[in-house]
file structure.csv (CSV, C-alpha atoms)
chain,number,residue,atom,x,y,z
A,8,MET,CA,29.6,63.2,-2.5
A,9,GLY,CA,30.3,60.3,-0.1
A,10,ALA,CA,30.4,56.6,-0.9
A,11,ASP,CA,27.2,56.0,0.9
A,12,ASP,CA,25.4,58.6,-1.2
A,13,ARG,CA,26.6,57.0,-4.4
A,14,THR,CA,25.0,53.6,-3.6
A,15,PHE,CA,22.1,52.6,-5.8
A,16,LEU,CA,19.9,51.2,-3.0
A,17,THR,CA,19.7,51.9,0.7
A,18,HIS,CA,20.5,49.2,3.3
A,19,THR,CA,16.8,48.6,3.9
A,20,GLN,CA,16.0,48.3,0.2
A,21,ARG,CA,18.9,45.9,-0.3
A,22,ARG,CA,17.5,43.7,2.5
A,23,VAL,CA,14.0,43.8,0.8
A,24,VAL,CA,15.5,42.9,-2.6
A,25,GLY,CA,17.5,40.1,-1.1
A,26,PHE,CA,14.5,38.7,0.7
A,27,ALA,CA,12.4,38.9,-2.5
A,28,LEU,CA,15.2,37.2,-4.5
A,29,THR,CA,15.5,34.5,-1.9
A,30,LEU,CA,11.7,33.9,-1.8
A,31,LEU,CA,11.7,33.8,-5.6
A,32,ALA,CA,14.5,31.2,-5.6
A,33,LEU,CA,12.6,29.1,-3.1
A,34,VAL,CA,9.4,29.3,-5.1
A,35,ALA,CA,11.3,28.3,-8.3
A,36,ALA,CA,13.0,25.4,-6.5
A,37,ALA,CA,9.6,24.2,-5.1
A,38,ALA,CA,8.1,24.5,-8.6
A,39,LEU,CA,10.9,22.5,-10.1
A,40,LEU,CA,10.6,19.9,-7.4
A,41,ILE,CA,6.8,19.6,-7.8
A,42,GLY,CA,7.1,19.6,-11.6
A,43,GLY,CA,9.8,16.9,-11.5
A,44,PHE,CA,7.6,14.8,-9.1
A,45,VAL,CA,4.6,15.2,-11.4
A,46,VAL,CA,6.6,14.2,-14.5
A,47,MET,CA,8.1,11.2,-12.6
A,48,SER,CA,4.6,10.0,-11.4
A,49,ARG,CA,3.3,10.4,-15.0
A,50,LEU,CA,6.2,8.4,-16.3
A,51,LEU,CA,5.8,5.7,-13.7
A,52,GLY,CA,2.1,5.5,-14.4
A,53,TYR,CA,2.7,5.3,-18.2
A,54,PHE,CA,5.4,2.6,-17.8
A,55,SER,CA,3.7,0.8,-14.9
A,56,GLY,CA,3.1,-2.3,-16.9
A,57,VAL,CA,6.8,-2.7,-17.4
A,58,LEU,CA,7.9,-1.5,-13.9
A,59,TRP,CA,5.6,-3.4,-11.6
A,60,PRO,CA,6.7,-6.9,-12.6
A,61,LEU,CA,10.3,-5.8,-12.0
A,62,ALA,CA,9.4,-4.2,-8.6
A,63,VAL,CA,7.4,-7.4,-7.5
A,64,ALA,CA,10.3,-9.7,-8.6
A,65,GLY,CA,12.9,-7.4,-6.9
A,66,VAL,CA,11.0,-7.3,-3.6
A,67,LEU,CA,10.4,-11.1,-3.7
A,68,ALA,CA,14.1,-11.7,-4.5
A,69,LEU,CA,15.2,-9.6,-1.5
A,70,ILE,CA,12.7,-11.4,0.8
A,71,LEU,CA,13.7,-14.9,-0.4
A,72,ARG,CA,17.5,-14.3,-0.6
A,73,PRO,CA,18.0,-15.8,3.0
A,74,VAL,CA,16.0,-18.9,2.0
A,75,ILE,CA,18.3,-19.4,-1.1
A,76,GLU,CA,21.4,-19.0,1.0
A,77,LEU,CA,20.1,-21.4,3.6
A,78,CYS,CA,19.4,-24.0,0.9
A,79,GLU,CA,22.9,-23.6,-0.4
A,80,GLN,CA,24.4,-24.1,3.1
A,81,ARG,CA,22.2,-27.0,4.2
A,82,LEU,CA,21.8,-28.9,1.0
A,83,LYS,CA,25.4,-28.2,-0.2
A,84,VAL,CA,24.2,-27.4,-3.7
A,85,ARG,CA,25.0,-24.7,-6.2
A,86,ARG,CA,22.9,-21.6,-6.3
A,87,PRO,CA,20.9,-22.4,-9.5
A,88,ILE,CA,19.9,-25.8,-8.0
A,89,ALA,CA,18.9,-24.0,-4.8
A,90,VAL,CA,16.7,-21.7,-6.8
A,91,VAL,CA,15.1,-24.6,-8.7
A,92,VAL,CA,14.5,-26.4,-5.3
A,93,LEU,CA,12.8,-23.3,-4.0
A,94,TYR,CA,10.6,-23.1,-7.1
A,95,GLY,CA,9.7,-26.7,-6.7
A,96,LEU,CA,8.7,-26.3,-3.0
A,97,PHE,CA,6.7,-23.2,-4.0
A,98,LEU,CA,4.8,-25.1,-6.7
A,99,LEU,CA,4.0,-27.9,-4.2
A,100,ALA,CA,2.7,-25.3,-1.7
A,101,VAL,CA,0.6,-23.6,-4.4
A,102,ALA,CA,-0.8,-27.0,-5.5
A,103,GLY,CA,-1.7,-27.8,-1.9
A,104,VAL,CA,-3.4,-24.5,-1.4
A,105,LEU,CA,-5.3,-25.0,-4.7
A,106,ILE,CA,-6.5,-28.4,-3.7
A,107,LEU,CA,-7.4,-27.7,0.0
A,108,LEU,CA,-8.3,-24.0,0.3
A,109,VAL,CA,-9.3,-22.6,-3.1
A,110,PRO,CA,-12.5,-24.6,-3.7
A,111,PRO,CA,-14.2,-23.5,-0.5
A,112,LEU,CA,-12.8,-19.9,-0.8
A,113,VAL,CA,-14.0,-19.6,-4.4
A,114,ASP,CA,-17.4,-21.1,-3.4
A,115,GLN,CA,-17.8,-18.6,-0.6
A,116,LEU,CA,-16.7,-15.6,-2.6
A,117,LEU,CA,-19.1,-16.5,-5.5
A,118,ASN,CA,-21.9,-17.0,-3.0
A,119,PHE,CA,-21.1,-13.6,-1.4
A,120,ILE,CA,-21.2,-11.9,-4.8
A,121,SER,CA,-24.5,-13.5,-5.6
A,122,TYR,CA,-25.8,-12.6,-2.1
A,123,ALA,CA,-24.9,-8.9,-2.4
A,124,PRO,CA,-28.2,-7.9,-4.1
A,125,THR,CA,-30.2,-9.7,-1.4
A,126,LEU,CA,-28.2,-8.0,1.3
A,127,TRP,CA,-28.9,-4.6,-0.3
A,128,GLN,CA,-32.6,-5.5,-0.5
A,129,ASN,CA,-32.7,-6.6,3.2
A,130,ALA,CA,-31.0,-3.3,4.2
A,131,THR,CA,-33.4,-1.2,2.2
A,132,ALA,CA,-36.4,-3.0,3.5
A,133,TYR,CA,-35.2,-2.7,7.1
A,134,VAL,CA,-34.6,1.1,6.8
A,135,THR,CA,-38.0,1.6,5.0
A,136,ARG,CA,-39.8,-0.4,7.6
A,137,ASN,CA,-38.2,1.0,10.8
A,138,TYR,CA,-37.2,4.5,9.7
A,139,PRO,CA,-39.8,5.7,7.1
A,140,GLU,CA,-39.3,9.4,8.2
A,141,TRP,CA,-35.6,9.1,7.1
A,142,ILE,CA,-36.7,7.9,3.7
A,143,ALA,CA,-39.2,10.7,3.3
A,144,MET,CA,-36.6,13.3,4.4
A,145,VAL,CA,-34.0,12.0,1.9
A,146,GLN,CA,-36.6,12.0,-0.9
A,147,ARG,CA,-37.6,15.6,0.0
A,148,GLN,CA,-34.0,16.7,0.1
A,149,LEU,CA,-33.1,15.0,-3.2
A,150,GLU,CA,-35.8,17.1,-4.9
A,151,ASN,CA,-33.7,20.2,-4.1
A,152,PRO,CA,-31.5,21.0,-7.1
A,153,THR,CA,-28.6,22.1,-5.0
A,154,ILE,CA,-28.6,18.9,-2.8
A,155,LYS,CA,-29.0,16.8,-6.0
A,156,GLN,CA,-26.0,18.5,-7.5
A,157,VAL,CA,-23.9,17.9,-4.4
A,158,VAL,CA,-25.0,14.2,-4.3
A,159,ASP,CA,-24.1,13.8,-8.0
A,160,SER,CA,-20.7,15.4,-7.4
A,161,LEU,CA,-20.0,13.1,-4.4
A,162,THR,CA,-21.0,10.1,-6.4
A,163,ALA,CA,-18.6,11.1,-9.2
A,164,GLU,CA,-15.8,11.6,-6.7
A,165,LEU,CA,-16.5,8.2,-5.1
A,166,GLN,CA,-16.4,6.5,-8.5
A,167,SER,CA,-13.1,8.3,-9.2
A,168,LEU,CA,-11.7,7.1,-5.9
A,169,LEU,CA,-12.7,3.6,-6.5
A,170,SER,CA,-11.1,3.6,-10.0
A,171,GLN,CA,-7.8,4.8,-8.4
A,172,ALA,CA,-7.9,2.5,-5.4
A,173,LEU,CA,-8.9,-0.5,-7.4
A,174,PRO,CA,-7.3,-0.2,-10.8
A,175,SER,CA,-7.9,-3.8,-11.5
A,176,LEU,CA,-11.6,-3.1,-11.7
A,177,LYS,CA,-10.9,-0.3,-14.1
A,178,ALA,CA,-8.6,-2.5,-16.2
A,179,ALA,CA,-11.2,-5.2,-16.4
A,180,GLY,CA,-13.3,-3.0,-18.6
A,181,VAL,CA,-10.7,-2.7,-21.4
A,182,GLY,CA,-11.5,-6.1,-22.7
A,183,ALA,CA,-9.5,-9.2,-23.5
A,184,LEU,CA,-6.5,-7.2,-24.5
A,185,GLY,CA,-6.1,-5.7,-21.1
A,186,VAL,CA,-6.5,-9.1,-19.4
A,187,PHE,CA,-4.0,-10.6,-21.7
A,188,ALA,CA,-1.5,-7.8,-21.0
A,189,PHE,CA,-2.0,-8.3,-17.2
A,190,VAL,CA,-1.5,-12.1,-17.4
A,191,THR,CA,1.6,-11.6,-19.6
A,192,HIS,CA,3.1,-9.1,-17.1
A,193,LEU,CA,2.3,-11.5,-14.2
A,194,ALA,CA,3.8,-14.5,-16.0
A,195,ILE,CA,7.1,-12.7,-16.5
A,196,VAL,CA,7.6,-12.1,-12.7
A,197,PRO,CA,8.9,-15.7,-12.1
A,198,ILE,CA,11.5,-15.2,-14.9
A,199,TYR,CA,12.7,-11.9,-13.4
A,200,LEU,CA,12.7,-13.5,-10.0
A,201,PHE,CA,14.8,-16.5,-11.1
A,202,PHE,CA,17.6,-14.3,-12.5
A,203,PHE,CA,17.4,-11.9,-9.5
A,204,LEU,CA,17.9,-14.9,-7.1
A,205,LEU,CA,20.9,-16.1,-9.0
A,206,SER,CA,22.8,-12.9,-8.3
A,207,ARG,CA,25.0,-12.9,-5.2
A,208,GLY,CA,25.8,-10.1,-2.8
A,209,THR,CA,23.7,-7.1,-1.9
A,210,PRO,CA,22.2,-5.0,-4.7
A,211,THR,CA,24.3,-2.0,-3.7
A,212,ALA,CA,27.6,-3.8,-3.4
A,213,ASN,CA,29.1,-2.1,-6.5
A,214,LEU,CA,27.0,1.1,-6.4
A,215,ALA,CA,29.9,3.3,-5.2
A,216,GLU,CA,32.0,2.3,-8.2
A,217,HIS,CA,29.4,3.8,-10.5
A,218,LEU,CA,29.2,7.1,-8.6
A,219,THR,CA,32.8,8.2,-9.0
A,220,PHE,CA,31.5,11.6,-10.3
A,221,LEU,CA,30.3,12.4,-6.8
A,222,GLY,CA,32.4,13.4,-3.9
A,223,SER,CA,33.4,10.8,-1.4
A,224,SER,CA,31.1,12.1,1.4
A,225,VAL,CA,28.1,12.4,-1.0
A,226,ARG,CA,28.8,9.0,-2.5
A,227,GLN,CA,28.8,7.4,1.0
A,228,ASP,CA,25.5,9.1,1.7
A,229,VAL,CA,23.9,7.8,-1.5
A,230,VAL,CA,25.1,4.2,-0.8
A,231,PHE,CA,23.8,4.5,2.8
A,232,LEU,CA,20.4,5.7,1.7
A,233,ALA,CA,20.1,3.0,-0.9
A,234,ASP,CA,21.0,0.3,1.7
A,235,GLU,CA,18.5,1.9,4.1
A,236,PHE,CA,15.7,1.9,1.5
A,237,ILE,CA,16.3,-1.8,0.6
A,238,ALA,CA,16.4,-2.7,4.3
A,239,ILE,CA,13.1,-0.9,4.9
A,240,VAL,CA,11.4,-2.5,1.8
A,241,VAL,CA,12.6,-6.0,2.9
A,242,SER,CA,11.5,-5.6,6.5
A,243,PHE,CA,8.2,-4.0,5.7
A,244,PHE,CA,7.0,-6.5,3.1
A,245,ARG,CA,8.4,-9.5,4.9
A,246,GLY,CA,6.7,-8.4,8.1
A,247,GLN,CA,3.4,-7.2,6.5
A,248,LEU,CA,3.0,-10.4,4.5
A,249,LEU,CA,3.5,-12.5,7.6
A,250,ILE,CA,1.3,-10.2,9.8
A,251,GLY,CA,-1.5,-10.1,7.1
A,252,LEU,CA,-1.5,-13.9,6.8
A,253,ILE,CA,-1.7,-14.4,10.6
A,254,MET,CA,-4.5,-11.8,10.8
A,255,GLY,CA,-6.4,-13.4,8.0
A,256,VAL,CA,-6.3,-16.8,9.6
A,257,LEU,CA,-7.4,-15.4,13.0
A,258,MET,CA,-10.3,-13.4,11.4
A,259,ALA,CA,-11.3,-16.4,9.3
A,260,ILE,CA,-11.5,-18.6,12.4
A,261,GLY,CA,-13.2,-15.9,14.5
A,262,PHE,CA,-15.8,-15.1,11.9
A,263,SER,CA,-16.6,-18.7,11.3
A,264,LEU,CA,-17.0,-19.4,15.0
A,265,VAL,CA,-19.4,-16.6,15.6
A,266,GLY,CA,-21.5,-17.6,12.6
A,267,LEU,CA,-20.8,-14.9,10.1
A,268,ARG,CA,-21.7,-16.0,6.5
A,269,PHE,CA,-18.7,-16.3,4.2
A,270,GLY,CA,-16.5,-15.8,7.2
A,271,LEU,CA,-13.7,-18.0,6.0
A,272,ALA,CA,-13.3,-16.1,2.6
A,273,LEU,CA,-13.8,-12.7,4.1
A,274,GLY,CA,-11.4,-13.2,7.0
A,275,LEU,CA,-8.5,-14.4,4.7
A,276,LEU,CA,-9.2,-11.7,2.1
A,277,LEU,CA,-9.2,-8.9,4.7
A,278,GLY,CA,-6.1,-10.3,6.2
A,279,VAL,CA,-4.2,-10.2,2.9
A,280,LEU,CA,-5.5,-6.6,2.3
A,281,ASN,CA,-3.7,-5.5,5.5
A,282,ILE,CA,-0.4,-5.4,3.5
A,283,VAL,CA,-1.7,-1.9,3.0
A,284,PRO,CA,-2.0,-0.7,6.7
A,285,TYR,CA,-5.6,-0.2,7.8
A,286,LEU,CA,-7.1,-1.1,4.4
A,287,GLY,CA,-8.2,-4.5,5.6
A,288,THR,CA,-9.7,-3.1,8.8
A,289,ILE,CA,-11.6,-0.3,7.0
A,290,LEU,CA,-13.0,-2.6,4.4
A,291,GLY,CA,-13.7,-5.2,7.0
A,292,LEU,CA,-15.9,-2.9,9.0
A,293,ALA,CA,-17.7,-1.7,5.9
A,294,ILE,CA,-18.5,-5.3,4.8
A,295,THR,CA,-18.8,-7.5,7.9
A,296,ILE,CA,-21.1,-5.2,10.0
A,297,PRO,CA,-23.9,-4.8,7.5
A,298,LEU,CA,-23.6,-8.5,6.6
A,299,ALA,CA,-23.8,-9.5,10.3
A,300,PHE,CA,-26.8,-7.4,10.9
A,301,PHE,CA,-28.8,-8.2,7.8
A,302,GLN,CA,-28.0,-11.9,7.2
A,303,PRO,CA,-30.6,-14.5,8.1
A,304,GLY,CA,-30.4,-15.0,11.9
A,305,GLY,CA,-28.2,-11.9,12.3
A,306,GLY,CA,-28.7,-8.8,14.4
A,307,TRP,CA,-27.0,-6.7,17.0
A,308,GLN,CA,-25.7,-9.7,18.9
A,309,LEU,CA,-23.9,-11.0,15.8
A,310,VAL,CA,-22.6,-7.4,15.1
A,311,GLY,CA,-21.2,-7.3,18.6
A,312,LEU,CA,-19.5,-10.7,18.1
A,313,VAL,CA,-18.0,-9.6,14.8
A,314,LEU,CA,-16.7,-6.4,16.3
A,315,LEU,CA,-15.3,-8.4,19.2
A,316,VAL,CA,-13.4,-10.6,16.8
A,317,MET,CA,-12.0,-7.6,14.9
A,318,ILE,CA,-11.0,-5.9,18.2
A,319,ILE,CA,-9.2,-9.0,19.5
A,320,VAL,CA,-7.4,-9.5,16.2
A,321,GLN,CA,-6.4,-5.8,16.0
A,322,ASN,CA,-5.1,-5.9,19.6
A,323,ILE,CA,-3.1,-9.0,18.8
A,324,GLU,CA,-1.6,-7.3,15.8
A,325,GLY,CA,-0.9,-4.0,17.6
A,326,TRP,CA,0.5,-5.4,20.9
A,327,PHE,CA,2.2,-8.6,19.7
A,328,LEU,CA,2.6,-9.2,16.0
A,329,THR,CA,3.9,-5.8,14.8
A,330,PRO,CA,6.3,-5.3,17.8
A,331,LYS,CA,7.7,-8.9,17.5
A,332,ILE,CA,7.8,-9.1,13.7
A,333,MET,CA,8.5,-5.6,12.5
A,334,GLY,CA,9.5,-3.7,15.7
A,335,ASP,CA,9.9,0.0,15.1
A,336,ARG,CA,11.5,-0.3,11.7
A,337,THR,CA,9.6,2.4,9.9
A,338,GLY,CA,9.2,4.7,12.9
A,339,LEU,CA,6.1,6.3,11.5
A,340,HIS,CA,3.1,7.7,13.4
A,341,PRO,CA,-0.3,6.1,12.5
A,342,VAL,CA,-1.6,9.4,11.2
A,343,THR,CA,1.5,9.7,9.1
A,344,ILE,CA,0.9,6.2,7.7
A,345,ILE,CA,-2.7,7.1,6.8
A,346,VAL,CA,-1.8,10.3,5.1
A,347,ALA,CA,1.1,8.6,3.2
A,348,ILE,CA,-1.2,5.9,1.9
A,349,PHE,CA,-3.6,8.4,0.3
A,350,PHE,CA,-0.7,10.7,-0.9
A,351,TRP,CA,1.3,8.0,-2.7
A,352,GLY,CA,-1.9,6.3,-3.9
A,353,THR,CA,-2.9,9.5,-5.6
A,354,ALA,CA,0.7,10.3,-6.8
A,355,PHE,CA,1.1,6.9,-8.4
A,356,ASN,CA,-2.6,6.7,-9.5
A,357,GLY,CA,-3.6,3.4,-8.0
A,358,LEU,CA,-2.9,0.5,-5.6
A,359,LEU,CA,0.8,0.3,-6.4
A,360,GLY,CA,1.4,3.7,-4.7
A,361,MET,CA,-0.7,2.6,-1.7
A,362,VAL,CA,1.4,-0.6,-1.3
A,363,LEU,CA,4.7,1.3,-1.6
A,364,ALA,CA,3.5,4.2,0.6
A,365,ILE,CA,5.2,3.1,3.8
A,366,PRO,CA,8.6,2.2,2.4
A,367,LEU,CA,8.8,5.4,0.4
A,368,THR,CA,7.7,7.6,3.3
A,369,ALA,CA,10.1,5.9,5.7
A,370,PHE,CA,12.9,6.4,3.1
A,371,PHE,CA,12.2,10.1,2.8
A,372,VAL,CA,12.0,10.4,6.6
A,373,THR,CA,15.5,8.8,6.8
A,374,LEU,CA,16.8,11.2,4.1
A,375,TRP,CA,15.5,14.2,6.0
A,376,ARG,CA,17.1,13.0,9.2
A,377,LEU,CA,20.4,12.5,7.4
A,378,LEU,CA,20.2,16.0,5.9
A,379,ARG,CA,19.3,17.6,9.3
A,380,ARG,CA,22.1,15.8,11.1
A,381,LYS,CA,24.9,16.0,8.6
A,382,TYR,CA,24.3,19.1,6.5
A,383,PHE,CA,22.2,21.3,8.7
A,384,ASN,CA,23.9,20.4,12.0
A,385,VAL,CA,20.6,19.8,13.7
A,386,THR,CA,20.5,17.1,16.3
A,387,GLU,CA,17.4,15.1,17.2
call {"tool": "encode", "arguments": {"input": "structure.csv", "output": "structure tokens"}}
result
Amino acid sequence: MGADDRTFLTHTQRRVVGFALTLLALVAAAALLIGGFVVMSRLLGYFSGVLWPLAVAGVLALILRPVIELCEQRLKVRRPIAVVVLYGLFLLAVAGVLILLVPPLVDQLLNFISYAPTLWQNATAYVTRNYPEWIAMVQRQLENPTIKQVVDSLTAELQSLLSQALPSLKAAGVGALGVFAFVTHLAIVPIYLFFFLLSRGTPTANLAEHLTFLGSSVRQDVVFLADEFIAIVVSFFRGQLLIGLIMGVLMAIGFSLVGLRFGLALGLLLGVLNIVPYLGTILGLAITIPLAFFQPGGGWQLVGLVLLVMIIVQNIEGWFLTPKIMGDRTGLHPVTIIVAIFFWGTAFNGLLGMVLAIPLTAFFVTLWRLLRRKYFNVTE
């Protein structure tokens, strides 16, 4: 009997078994990866009260580090004194904002909240008066048990989405204990920030010394990726904060000029929300258009003016602010940005994931490009 006859499997069978084992290994690796990601997201969600003050203080320290170094050089003072000077200037700026801007902003926001029921009544009366057949059709459809079940399901999904996108609203229902915990976590941020600003050098300066268990090449890659992630976080948040502030001022001026009620408060609020890309724009369209149409003296003309203001501001942001301030630092397509915001918002169960979506996605894109170029020998 020949050697080939004594083999347990034929060549084709060995190929099939090899393919099956490879596929099984890939599925197991994917399952481990997904399981690890789920566990990590649960841990981050569970310890979010501890982690988010550290994250906020760390990002602020990275952004403000050049300011501290400039104070040291220009004022010829030691670093602790420079940090104290920065804190003093910040307190003066906050006091100025509280005195000049907060009273009218709070007044407009409270008036807007109190005006919301009136706005809803005006919208309902307008639709009932001008489109009674729509109201009748909706009432007939809602009598259908299947349609009613679908509407109830969509309502529940919307409530779940709001509870994830706006965890502060959800936390507000836990009572005084939850408010006290949030205030405590917020108050610890300046303390973390003070000690972070006192440190010199880059955060990854000594990282390689703690990774001696890795090979030299892998250690270099880890340090490179850490530096790259820090650079992305700094450039993104520094750029988005500045862009959001400028957009808020422009929208506040534009809304006020065209006669939109509560234009000052809404413009600044929507500008700040643009730290999460497209969030301010989406909410702005959902809030300002009905307000412009149903407010006293409003109508299609005011809606057109409000849309014109938003289009002008968006074009300024897209063609001037983002290229000049941020450039192509993240290198992400707009569709990728939108998907990333919803993905990380769901993964981290709230607004924190939506805020960190772009830096995290840009980091993983950088990691993938490094793996393709260095380990898979695939050139771009």
call {"tool": "residues_around", "arguments": {"input": "structure.csv", "residues": "stretch 90-97 of chain A", "least_positions_apart": "5", "cutoff": "12 Å", "atoms": "all atoms listed in the file", "output": "list in words"}}
result
Ala68, Leu71, Arg72, Pro73, Val74, Ile75, Glu76, Leu77, Cys78, Glu79, Leu82, Val84, Arg85, Ala102, Gly103, Val104, Pro197, Ile198, Leu200, Phe201, Phe202, Phe203, Leu204, Leu205 and Ser206 of chain A
call {"tool": "residues_around", "arguments": {"input": "structure.csv", "residues": "A:Pro60", "least_positions_apart": "3", "cutoff": "8 Å", "atoms": "all atoms listed in the file", "output": "list in words"}}
result
Gly56, Val57, Val63, Ala64, His192, Leu193, Ile195, Val196 and Tyr199 of chain A
call {"tool": "closest_residue", "arguments": {"input": "structure.csv", "among": "A:Trp307, A:Thr295, A:Ile70, A:Thr211", "to": "A:Ser263", "atoms": "all atoms listed in the file"}}
result
A:Thr295
call {"tool": "residues_near_point", "arguments": {"input": "structure.csv", "point": "(-10.1, -1.5, 11.5)", "cutoff": "12 Å", "atoms": "all atoms listed in the file", "output": "number ranges by chain"}}
result
A: 254, 258, 277-278, 280-281, 283-296, 313-322, 324-325
call {"tool": "residues_around", "arguments": {"input": "structure.csv", "residues": "A:Leu126", "least_positions_apart": "2", "cutoff": "10 Å", "atoms": "all atoms listed in the file", "output": "PyMOL selection string"}}
result
chain A and resi 119+121-124+128-132+297-298+300-303
